[in-house]
Amino acid sequence: MKKWSESEIEKLQLHYKQFNIPSDQILKERDTLEKYTEWFNEKFTPNNKFTPEEVADQLLKLRKSGKLPRIRK
């Protein structure tokens with residue numbers, strides 16, 4: 001797995017808020033995770049693409065540490 005920079009983590013948090021889908025749903029639904037990852041890579045990290053697994057791992061770490069905003073649907 002690639003190492004995430006602070007800037008990439010901040011962008012992931014911002015992207016999460018813009019995507020407006022709860023992390024549980026992103027992590028449980030493979031199609032949603034793939035769309036989220038594709039959008040994140042295209043918008044924020046075109047030269048350092050992350051895999052869906054890497055994105056899921058980082059989202060889970062952020063959620064467990066309380067660093068993701070709460071999204072309710």
# chains A, B, ... in the order shown; residues from 1 in each chain; ligands from 1

$ select_by_dssp --residues "chain A" --states "helix (DSSP H, G or I)" --output "MDAnalysis selection string"
chainID A and resid 6:19 23:28 30:44 52:64

$ residues_around --residues "Thr32 in chain A" --least-positions-apart "3" --cutoff "12 Å" --atoms "only C-alpha atoms" --output "ChimeraX atom specification"
/A:19-29,35-39,52,55-56

$ residues_around --residues "Lys17 in chain A" --least-positions-apart "6" --cutoff "9 Å" --atoms "only C-alpha atoms" --output "list of chain:residue names"
A:Leu68, A:Pro69, A:Arg70, A:Ile71

$ residues_around --residues "Thr45 in chain A" --least-positions-apart "5" --cutoff "9 Å" --atoms "only C-alpha atoms" --output "mmCIF file with N, CA, C and O atoms, in the first residue's frame"
data_model
loop_
_atom_site.group_PDB
_atom_site.id
_atom_site.type_symbol
_atom_site.label_atom_id
_atom_site.label_comp_id
_atom_site.auth_asym_id
_atom_site.auth_seq_id
_atom_site.Cartn_x
_atom_site.Cartn_y
_atom_site.Cartn_z
ATOM 1 N N GLU A 8 -2.947 14.594 0.710
ATOM 2 C CA GLU A 8 -3.863 13.605 0.133
ATOM 3 C C GLU A 8 -4.964 13.229 1.118
ATOM 4 O O GLU A 8 -6.124 13.067 0.729
ATOM 5 N N LYS A 11 -7.428 16.029 1.178
ATOM 6 C CA LYS A 11 -8.243 15.973 -0.039
ATOM 7 C C LYS A 11 -9.269 14.848 0.044
ATOM 8 O O LYS A 11 -10.407 14.997 -0.413
ATOM 9 N N PHE A 40 -12.151 10.421 -6.895
ATOM 10 C CA PHE A 40 -11.062 10.971 -6.086
ATOM 11 C C PHE A 40 -9.766 11.018 -6.881
ATOM 12 O O PHE A 40 -9.081 12.041 -6.912
ATOM 13 N N PHE A 50 -4.750 5.844 -6.379
ATOM 14 C CA PHE A 50 -4.943 4.888 -5.296
ATOM 15 C C PHE A 50 -5.928 3.817 -5.737
ATOM 16 O O PHE A 50 -6.819 4.074 -6.539
#

$ atom_distance --atom1 "CA of Glu42 in chain A" --atom2 "CA of Gly66 in chain A"
25.9 Å
